[in-house]
Amino acid sequence: MSEVRGIYTLWLREVKKFLREKPRLLNAFVQPLLWLFIFGTGMRFSAGVTEYNYQEFIFPGLVCQAMLFTAMFMGISVIWDREFGFLKEILVSPVSRPSIFLGKMLGASTDVMLQGIIIFPFAYLIGARIGLLVFLEALPIMLLITTGLVCIGLTFASVMKSFEGFGLIQTFINLPMFFLSGALFPLTNVPDWLRWVSFCNPLTYGVDAMRTVMMGNVFVPLFPLYIDIAVLFGFAVVMFLVGTWAFSRTE
Amino acid sequence: MNPVIETFSLTKRFGSNTAVNALSLRIEKGEVFGILGPNGAGKSTLLSMLCTILKPTSGTATVNGFDILRQHHEIRQSIGIVFQDPSVDADMTGLENLQMHADLYDVPVSEVGERITSVLRLVQLEDRASDYLSTYSGGMRRRLEIARGLLHYPKVLFLDEPTIGLDPQSREHMWDHIRMLRKREDMTIILTTHYMEEADRLCDRVAIIDHGRIVALDKPSVLKKSLGGDTIILGIKDGESLRALLVGNGMAEKVEVHNGEVRVTVANANILLPRIMEAAATAGIYIDYVYLNHPDMNDVFIHYTGRDLRHEEAKAPMGKMAMMRRRRVR
């Protein structure tokens, strides 16, 4: 019981902080808009994709991108807590390490899900028809993606002792994962090496699954949905275990 | 009486460096116990082991009757800790910080509201409870941290440098709070400090630690006495005649003449000084100036550690952010 209370209060803290951070919320709204309307419009009329609306094509990718960046940032927030000392207050409490990790993970995941959901209304602005059913189908996929990504962020935060590495994460994790996920271009026409590298990226399966659910028949999936889901599930489980292990070792 | 804390040749090594060296210590219930020592003497390491944050290399200790090696959960539930570096969440209100603490320590839900009100009153922060911590001054944050540390009714409160970075007024306030706590809550308080005056005025007993060992342990008054009493320093051109006078009439035994000054060591200078002045005046010895030197904890400290306090260098490097934050706080 005491552990559940600890988990709850850590979850609540993450969510409160997320909702209070007004600049970040503004950012959450505006950044996808820029991608959709400037980048999306430009590419739509230059890239020569005719089978479907390019903006509709990148929309699921942008949801994944927003979740990826937020997840890394929220995971890294543990470093912030360490720098400002609050982590100590949590670590010396009677709550066990795995529970602390779980609380952080659930809190950050809630934030990431909110961040992903915020973007959905924009679908109407680009003429995509996303009904309630499609939205509800997308949610479990988003949840799997979120869990894996947040756990990556928390794992890095457990290993890194300062903010110096934050830029490295941006360059070596965020951007490669985003570019190699097929979020911005289809992976059907790219050279083999790029395709194979992309297949090693768990986010690729997330983007693929989201498209399968959201775009209907116009989109030809890379993998059947069950494979996407299986990979995402495996990714989430493995990262959760790795994250719990890494976090339990922090001093 | 049962000791609240007892250590049994507690030892911690970091590589080849022995931070705490076979340290055995008993702290009784209801004491305010001070741990003094130069930087790097092992104070924080000792505290961290007692709080079950660090595992000892060998030896063990009990806190509230629980073993530090095996009963982490029980110990953590029964102690309060106020760290040297700030450990509050500045983006949350005072109330929220306390609420989080109550949840982490599983304070009975029906009592949380009442306890928060009472600890806030204790540190006089009731009217600022709903403000964000980022708007608090350094002293207020410290007080909130103490309030937070009391929320789960700990039997032992650890204060690591409770007044570091506070101005003299806030420091005086903090001392009052600590004294009041001891009286009201019947709590054992263990504090580390660099301020000798703090140790002198607050602590029932102090342990001076150097190189991981206890070099002195007693009441501050006893430690000061052990240095051999007060010194009266008199500026006199003809020191030898005064010495002959004082030794001759049995007023003082230890009299030194040095550089035009006479140093008289006595048990109580406040009483003896007027007599000496009288005797000198009667004998026609002219005194230029006079001053008294009562040994204080600083003298005790230097006597036992053989050097003055070293400044913050041996400490673990503070995070950049914490440093920035701390500067802003002041």
# chains A, B, ... in the order shown; residues from 1 in each chain; ligands from 1
$ interface_residues --of "chain B" --to "chain A" --cutoff "7 Å" --atoms "only C-alpha atoms" --output "ChimeraX atom specification"
/B:53,73,76-77,85-89,100,103-106,319,321-322
$ write_last_selection --atoms "N, CA and C atoms" --output "mmCIF file, in the first residue's frame"
data_model
loop_
_atom_site.group_PDB
_atom_site.id
_atom_site.type_symbol
_atom_site.label_atom_id
_atom_site.label_comp_id
_atom_site.auth_asym_id
_atom_site.auth_seq_id
_atom_site.Cartn_x
_atom_site.Cartn_y
_atom_site.Cartn_z
ATOM 1 N N ILE B 53 22.077 5.257 3.201
ATOM 2 C CA ILE B 53 22.315 5.655 1.810
ATOM 3 C C ILE B 53 23.575 4.967 1.310
ATOM 4 N N HIS B 73 14.351 -0.189 5.258
ATOM 5 C CA HIS B 73 13.005 0.372 5.233
ATOM 6 C C HIS B 73 12.603 0.903 6.610
ATOM 7 N N ARG B 76 14.621 4.077 7.512
ATOM 8 C CA ARG B 76 14.196 5.253 6.755
ATOM 9 C C ARG B 76 12.854 5.782 7.230
ATOM 10 N N GLN B 77 11.998 4.863 7.631
ATOM 11 C CA GLN B 77 10.692 5.271 8.128
ATOM 12 C C GLN B 77 10.818 6.014 9.462
ATOM 13 N N ASP B 85 22.761 20.177 1.010
ATOM 14 C CA ASP B 85 22.331 20.863 -0.209
ATOM 15 C C ASP B 85 20.809 20.854 -0.266
ATOM 16 N N PRO B 86 20.236 21.893 -0.895
ATOM 17 C CA PRO B 86 18.779 21.940 -0.963
ATOM 18 C C PRO B 86 18.210 20.691 -1.648
ATOM 19 N N SER B 87 17.093 20.210 -1.168
ATOM 20 C CA SER B 87 16.492 19.020 -1.767
ATOM 21 C C SER B 87 14.986 19.157 -1.865
ATOM 22 N N VAL B 88 14.528 20.401 -2.089
ATOM 23 C CA VAL B 88 13.098 20.619 -2.286
ATOM 24 C C VAL B 88 12.820 20.755 -3.778
ATOM 25 N N ASP B 89 11.571 20.635 -4.143
ATOM 26 C CA ASP B 89 11.187 20.858 -5.527
ATOM 27 C C ASP B 89 10.712 22.306 -5.649
ATOM 28 N N MET B 100 3.819 15.587 -0.795
ATOM 29 C CA MET B 100 4.593 14.519 -1.443
ATOM 30 C C MET B 100 5.354 13.709 -0.403
ATOM 31 N N ASP B 103 3.170 11.363 1.447
ATOM 32 C CA ASP B 103 2.841 10.173 0.649
ATOM 33 C C ASP B 103 4.023 9.212 0.586
ATOM 34 N N LEU B 104 5.214 9.771 0.398
ATOM 35 C CA LEU B 104 6.392 8.903 0.287
ATOM 36 C C LEU B 104 6.637 8.137 1.586
ATOM 37 N N TYR B 105 6.295 8.778 2.714
ATOM 38 C CA TYR B 105 6.543 8.136 3.997
ATOM 39 C C TYR B 105 5.284 7.500 4.569
ATOM 40 N N ASP B 106 4.232 7.464 3.771
ATOM 41 C CA ASP B 106 3.000 6.789 4.146
ATOM 42 C C ASP B 106 2.455 7.278 5.488
ATOM 43 N N GLY B 319 26.623 20.004 -8.147
ATOM 44 C CA GLY B 319 26.162 20.168 -9.524
ATOM 45 C C GLY B 319 26.122 21.642 -9.890
ATOM 46 N N MET B 321 23.908 23.207 -11.564
ATOM 47 C CA MET B 321 22.566 23.744 -11.371
ATOM 48 C C MET B 321 22.349 24.091 -9.908
ATOM 49 N N ALA B 322 22.755 23.165 -9.032
ATOM 50 C CA ALA B 322 22.550 23.391 -7.609
ATOM 51 C C ALA B 322 23.304 24.631 -7.179
#
$ select_by_dssp --residues "region 94-248 of chain B" --states "alpha helix (DSSP H)" --output "number ranges by chain"
B: 94-104, 109-122, 138-150, 168-185, 196-202, 220-225, 239-248
$ residues_around --residues "Ala246 (chain A)" --least-positions-apart "6" --cutoff "9 Å" --atoms "only C-alpha atoms" --output "VMD selection string"
chain A and resid 154 to 156 158 to 159
$ select_by_dssp --residues "region 59-270 of chain B" --states "strand (DSSP E)" --output "PyMOL selection string"
chain B and resi 59-63+66-67+79-82+156-160+188-193+205-210+213-218+230-235+254-258+261-266
$ write_last_selection --atoms "N, CA and C atoms" --output "compact mmCIF listing (two decimals), in the first residue's frame"
# COMPACT_ATOMS: atom_id res chain seq x y z
N GLY B 59 31.93 -3.58 9.70
CA GLY B 59 31.30 -3.06 10.90
C GLY B 59 29.83 -2.80 10.62
N THR B 60 29.11 -2.41 11.68
CA THR B 60 27.70 -2.11 11.47
C THR B 60 27.25 -1.09 12.51
N ALA B 61 25.97 -0.77 12.49
CA ALA B 61 25.42 0.18 13.44
C ALA B 61 23.94 -0.10 13.58
N THR B 62 23.39 0.35 14.71
CA THR B 62 21.93 0.29 14.86
C THR B 62 21.41 1.70 15.01
N VAL B 63 20.25 1.93 14.41
CA VAL B 63 19.56 3.20 14.53
C VAL B 63 18.15 2.88 14.99
N PHE B 66 17.31 -0.69 14.83
CA PHE B 66 17.32 -1.40 13.56
C PHE B 66 18.74 -1.46 13.01
N ASP B 67 19.01 -2.54 12.30
CA ASP B 67 20.36 -2.73 11.77
C ASP B 67 20.50 -2.00 10.42
N ILE B 79 13.55 7.89 10.63
CA ILE B 79 14.46 9.03 10.74
C ILE B 79 14.03 10.15 9.81
N GLY B 80 14.44 11.36 10.17
CA GLY B 80 14.24 12.50 9.29
C GLY B 80 15.61 13.02 8.88
N ILE B 81 15.73 13.47 7.64
CA ILE B 81 17.03 13.93 7.17
C ILE B 81 16.87 15.31 6.54
N VAL B 82 17.72 16.24 6.95
CA VAL B 82 17.79 17.51 6.26
C VAL B 82 19.20 17.62 5.69
N VAL B 156 14.63 10.17 15.19
CA VAL B 156 15.95 10.78 15.08
C VAL B 156 15.92 11.75 13.91
N LEU B 157 16.46 12.93 14.13
CA LEU B 157 16.53 13.90 13.04
C LEU B 157 18.00 14.17 12.73
N PHE B 158 18.39 13.94 11.49
CA PHE B 158 19.75 14.23 11.05
C PHE B 158 19.77 15.58 10.35
N LEU B 159 20.62 16.47 10.82
CA LEU B 159 20.74 17.78 10.19
C LEU B 159 22.18 17.93 9.70
N ASP B 160 22.35 17.96 8.40
CA ASP B 160 23.69 18.09 7.85
C ASP B 160 23.94 19.56 7.56
N THR B 188 15.79 12.85 19.20
CA THR B 188 17.25 12.88 19.22
C THR B 188 17.69 13.61 17.95
N ILE B 189 18.57 14.58 18.11
CA ILE B 189 18.99 15.36 16.95
C ILE B 189 20.49 15.21 16.75
N ILE B 190 20.85 14.85 15.55
CA ILE B 190 22.27 14.69 15.25
C ILE B 190 22.61 15.69 14.17
N LEU B 191 23.55 16.56 14.46
CA LEU B 191 23.87 17.56 13.44
C LEU B 191 25.37 17.62 13.19
N THR B 192 25.70 17.89 11.93
CA THR B 192 27.10 18.16 11.62
C THR B 192 27.19 19.66 11.40
N THR B 193 28.32 20.20 11.72
CA THR B 193 28.46 21.64 11.50
C THR B 193 29.91 22.03 11.36
N ARG B 205 26.36 17.09 23.54
CA ARG B 205 27.69 16.51 23.42
C ARG B 205 28.17 16.68 21.99
N VAL B 206 29.46 16.75 21.83
CA VAL B 206 30.00 16.81 20.47
C VAL B 206 31.09 15.75 20.32
N ALA B 207 31.18 15.25 19.09
CA ALA B 207 32.29 14.36 18.75
C ALA B 207 33.10 15.08 17.69
N ILE B 208 34.40 15.20 17.92
CA ILE B 208 35.26 15.77 16.90
C ILE B 208 35.88 14.62 16.14
N ILE B 209 35.68 14.63 14.84
CA ILE B 209 36.14 13.52 14.01
C ILE B 209 37.23 14.01 13.09
N ASP B 210 38.29 13.24 12.98
CA ASP B 210 39.34 13.57 12.02
C ASP B 210 39.89 12.26 11.46
N ARG B 213 38.22 9.01 12.47
CA ARG B 213 38.20 8.55 13.86
C ARG B 213 37.71 9.65 14.78
N ILE B 214 37.20 9.24 15.95
CA ILE B 214 36.80 10.22 16.95
C ILE B 214 38.04 10.65 17.72
N VAL B 215 38.35 11.94 17.72
CA VAL B 215 39.53 12.40 18.46
C VAL B 215 39.13 13.03 19.79
N ALA B 216 37.86 13.41 19.94
CA ALA B 216 37.40 13.94 21.21
C ALA B 216 35.89 13.79 21.26
N LEU B 217 35.37 13.49 22.45
CA LEU B 217 33.92 13.34 22.57
C LEU B 217 33.50 13.71 23.98
N ASP B 218 32.78 14.80 24.13
CA ASP B 218 32.28 15.19 25.45
C ASP B 218 31.35 16.37 25.34
N ASP B 230 41.00 30.04 31.33
CA ASP B 230 41.06 31.31 30.62
C ASP B 230 42.48 31.88 30.63
N THR B 231 42.69 32.82 29.75
CA THR B 231 43.96 33.51 29.73
C THR B 231 43.71 35.01 29.90
N ILE B 232 44.49 35.65 30.79
CA ILE B 232 44.45 37.10 30.90
C ILE B 232 45.73 37.63 30.29
N ILE B 233 45.59 38.56 29.37
CA ILE B 233 46.79 39.11 28.74
C ILE B 233 46.90 40.58 29.14
N LEU B 234 48.02 40.92 29.75
CA LEU B 234 48.22 42.29 30.23
C LEU B 234 49.40 42.91 29.50
N GLY B 235 49.20 44.12 29.00
CA GLY B 235 50.31 44.83 28.36
C GLY B 235 51.06 45.63 29.41
N LYS B 254 50.51 29.94 36.69
CA LYS B 254 51.07 29.90 35.35
C LYS B 254 51.12 31.32 34.79
N VAL B 255 52.27 31.92 34.82
CA VAL B 255 52.43 33.28 34.32
C VAL B 255 53.59 33.32 33.34
N GLU B 256 53.34 33.80 32.13
CA GLU B 256 54.42 33.88 31.15
C GLU B 256 54.61 35.32 30.74
N VAL B 257 55.87 35.70 30.54
CA VAL B 257 56.15 37.04 30.05
C VAL B 257 56.72 36.90 28.64
N HIS B 258 56.12 37.65 27.74
CA HIS B 258 56.52 37.45 26.36
C HIS B 258 56.21 38.71 25.57
N GLU B 261 54.18 41.46 27.01
CA GLU B 261 52.86 41.05 27.49
C GLU B 261 53.00 39.98 28.55
N VAL B 262 52.11 40.03 29.53
CA VAL B 262 52.09 38.99 30.56
C VAL B 262 50.85 38.14 30.32
N ARG B 263 51.04 36.84 30.15
CA ARG B 263 49.89 35.93 29.94
C ARG B 263 49.68 35.12 31.21
N VAL B 264 48.51 35.31 31.81
CA VAL B 264 48.20 34.60 33.04
C VAL B 264 47.10 33.59 32.76
N THR B 265 47.37 32.32 33.02
CA THR B 265 46.35 31.30 32.80
C THR B 265 45.69 30.97 34.12
N VAL B 266 44.35 31.15 34.17
CA VAL B 266 43.61 30.92 35.42
C VAL B 266 42.32 30.18 35.12
$ closest_residue --among "A:Pro186, A:Gly148, A:Gly216, A:Gly131" --to "Leu106 (chain A)" --atoms "only C-alpha atoms"
A:Gly148
$ residues_around --residues "Phe73 (chain A)" --least-positions-apart "2" --cutoff "10 Å" --atoms "only C-alpha atoms" --output "list in words"
Met67, Leu68, Phe69, Thr70, Ala71, Gly75, Ile76, Ser77, Val78, Ala108, Val112, Val150, Gly153, Leu154, Ala157, Phe166, Ile169, Gln170 and Asn174 of chain A
$ residues_around --residues "Gly127 (chain A)" --least-positions-apart "6" --cutoff "10 Å" --atoms "only C-alpha atoms" --output "PyMOL selection string"
chain A and resi 53+55-56
$ write_last_selection --atoms "N, CA and C atoms" --output "PDB file, in the first residue's frame"
ATOM      1  N   ASN A  53      -2.156  12.053 -49.889  1.00  0.00           N
ATOM      2  CA  ASN A  53      -1.783  13.382 -49.405  1.00  0.00           C
ATOM      3  C   ASN A  53      -0.552  13.248 -48.514  1.00  0.00           C
ATOM      4  N   GLN A  55       0.800  15.262 -46.431  1.00  0.00           N
ATOM      5  CA  GLN A  55       0.565  15.727 -45.051  1.00  0.00           C
ATOM      6  C   GLN A  55      -0.113  14.646 -44.226  1.00  0.00           C
ATOM      7  N   GLU A  56      -1.030  13.948 -44.872  1.00  0.00           N
ATOM      8  CA  GLU A  56      -1.704  12.858 -44.184  1.00  0.00           C
ATOM      9  C   GLU A  56      -0.701  11.741 -43.874  1.00  0.00           C
TER      10      GLU A  56
END
$ residues_around --residues "Gly94 (chain B)" --least-positions-apart "2" --cutoff "7 Å" --atoms "only C-alpha atoms" --output "compact mmCIF listing (two decimals) with N, CA, C and O atoms, in the first residue's frame"
# COMPACT_ATOMS: atom_id res chain seq x y z
N MET B 92 7.28 23.47 -7.06
CA MET B 92 6.06 23.06 -6.37
C MET B 92 5.88 24.00 -5.17
O MET B 92 6.84 24.62 -4.70
N GLU B 96 2.64 21.41 -1.42
CA GLU B 96 2.81 20.24 -2.29
C GLU B 96 4.05 19.45 -1.91
O GLU B 96 4.05 18.21 -1.92
N ASN B 97 5.12 20.16 -1.57
CA ASN B 97 6.33 19.48 -1.15
C ASN B 97 6.05 18.63 0.10
O ASN B 97 6.51 17.49 0.21
N LEU B 98 5.28 19.19 1.03
CA LEU B 98 4.98 18.46 2.25
C LEU B 98 4.05 17.28 1.97
O LEU B 98 4.22 16.20 2.51
N ALA B 129 2.56 28.87 2.73
CA ALA B 129 2.41 27.46 2.34
C ALA B 129 2.01 27.27 0.88
O ALA B 129 2.45 26.34 0.23
N SER B 130 1.19 28.16 0.34
CA SER B 130 0.71 27.96 -1.03
C SER B 130 1.59 28.63 -2.06
O SER B 130 1.24 28.66 -3.24
N ASP B 131 2.71 29.18 -1.63
CA ASP B 131 3.61 29.81 -2.60
C ASP B 131 4.61 28.79 -3.14
O ASP B 131 4.95 27.83 -2.46
N TYR B 132 5.05 29.05 -4.36
CA TYR B 132 6.06 28.17 -4.94
C TYR B 132 7.38 28.33 -4.19
O TYR B 132 7.74 29.43 -3.78
N LEU B 133 8.10 27.23 -4.06
CA LEU B 133 9.36 27.25 -3.34
C LEU B 133 10.37 28.19 -4.00
O LEU B 133 11.27 28.70 -3.35
$ atom_distance --atom1 "CA of Phe8 (chain B)" --atom2 "CA of His72 (chain B)"
17.2 Å
$ atom_distance --atom1 "CA of Ile118 (chain A)" --atom2 "CA of Phe235 (chain A)"
24.5 Å
$ decode --residues "region 110-132 of chain B" --atoms "N, CA, C and O atoms" --output "short mmCIF file (atom, residue, chain, number, x, y, z; two decimals), in the first residue's frame"
data_model
loop_
_atom_site.label_atom_id
_atom_site.label_comp_id
_atom_site.auth_asym_id
_atom_site.auth_seq_id
_atom_site.Cartn_x
_atom_site.Cartn_y
_atom_site.Cartn_z
N SER B 110 -5.55 10.37 7.20
CA SER B 110 -6.44 11.18 8.03
C SER B 110 -5.66 12.20 8.85
O SER B 110 -6.22 13.19 9.32
N GLU B 111 -4.34 11.97 9.03
CA GLU B 111 -3.56 12.89 9.86
C GLU B 111 -2.76 13.91 9.07
O GLU B 111 -2.20 14.85 9.64
N VAL B 112 -2.67 13.69 7.74
CA VAL B 112 -1.75 14.50 6.95
C VAL B 112 -2.01 16.00 7.10
O VAL B 112 -1.11 16.78 7.40
N GLY B 113 -3.29 16.38 6.93
CA GLY B 113 -3.64 17.80 6.97
C GLY B 113 -3.21 18.45 8.27
O GLY B 113 -2.55 19.49 8.29
N GLU B 114 -3.55 17.78 9.35
CA GLU B 114 -3.26 18.31 10.68
C GLU B 114 -1.74 18.43 10.91
O GLU B 114 -1.25 19.44 11.41
N ARG B 115 -1.02 17.39 10.52
CA ARG B 115 0.43 17.42 10.72
C ARG B 115 1.09 18.51 9.90
O ARG B 115 2.01 19.18 10.36
N ILE B 116 0.62 18.67 8.66
CA ILE B 116 1.21 19.72 7.82
C ILE B 116 1.00 21.07 8.48
O ILE B 116 1.93 21.88 8.59
N THR B 117 -0.22 21.31 8.96
CA THR B 117 -0.49 22.58 9.63
C THR B 117 0.44 22.77 10.81
O THR B 117 1.00 23.85 11.01
N SER B 118 0.65 21.72 11.58
CA SER B 118 1.44 21.90 12.80
C SER B 118 2.93 22.08 12.50
O SER B 118 3.58 22.90 13.13
N VAL B 119 3.47 21.36 11.51
CA VAL B 119 4.89 21.59 11.23
C VAL B 119 5.11 22.95 10.58
O VAL B 119 6.14 23.60 10.81
N LEU B 120 4.13 23.40 9.79
CA LEU B 120 4.27 24.73 9.19
C LEU B 120 4.26 25.80 10.26
O LEU B 120 5.00 26.77 10.18
N ARG B 121 3.43 25.59 11.28
CA ARG B 121 3.38 26.56 12.36
C ARG B 121 4.71 26.56 13.11
O ARG B 121 5.25 27.60 13.46
N LEU B 122 5.24 25.38 13.30
CA LEU B 122 6.50 25.25 14.02
C LEU B 122 7.62 26.07 13.36
O LEU B 122 8.43 26.70 14.03
N VAL B 123 7.68 26.05 12.05
CA VAL B 123 8.75 26.79 11.36
C VAL B 123 8.25 28.15 10.85
O VAL B 123 8.92 28.80 10.06
N GLN B 124 7.07 28.52 11.28
CA GLN B 124 6.48 29.83 10.95
C GLN B 124 6.40 30.09 9.45
O GLN B 124 6.83 31.14 8.95
N LEU B 125 5.85 29.14 8.75
CA LEU B 125 5.69 29.33 7.31
C LEU B 125 4.23 29.18 6.88
O LEU B 125 3.94 28.98 5.70
N GLU B 126 3.29 29.25 7.86
CA GLU B 126 1.88 29.00 7.53
C GLU B 126 1.41 29.89 6.38
O GLU B 126 0.73 29.43 5.47
N ASP B 127 1.80 31.16 6.42
CA ASP B 127 1.25 32.10 5.44
C ASP B 127 1.89 31.96 4.07
O ASP B 127 1.43 32.53 3.11
N ARG B 128 2.98 31.19 3.98
CA ARG B 128 3.63 31.04 2.67
C ARG B 128 3.41 29.65 2.07
O ARG B 128 3.97 29.31 1.03
N ALA B 129 2.56 28.87 2.73
CA ALA B 129 2.41 27.46 2.34
C ALA B 129 2.01 27.27 0.88
O ALA B 129 2.45 26.34 0.23
N SER B 130 1.19 28.16 0.34
CA SER B 130 0.71 27.96 -1.03
C SER B 130 1.59 28.63 -2.06
O SER B 130 1.24 28.66 -3.24
N ASP B 131 2.71 29.18 -1.63
CA ASP B 131 3.61 29.81 -2.60
C ASP B 131 4.61 28.79 -3.14
O ASP B 131 4.95 27.83 -2.46
N TYR B 132 5.05 29.05 -4.36
CA TYR B 132 6.06 28.17 -4.94
C TYR B 132 7.38 28.33 -4.19
O TYR B 132 7.74 29.43 -3.78
#
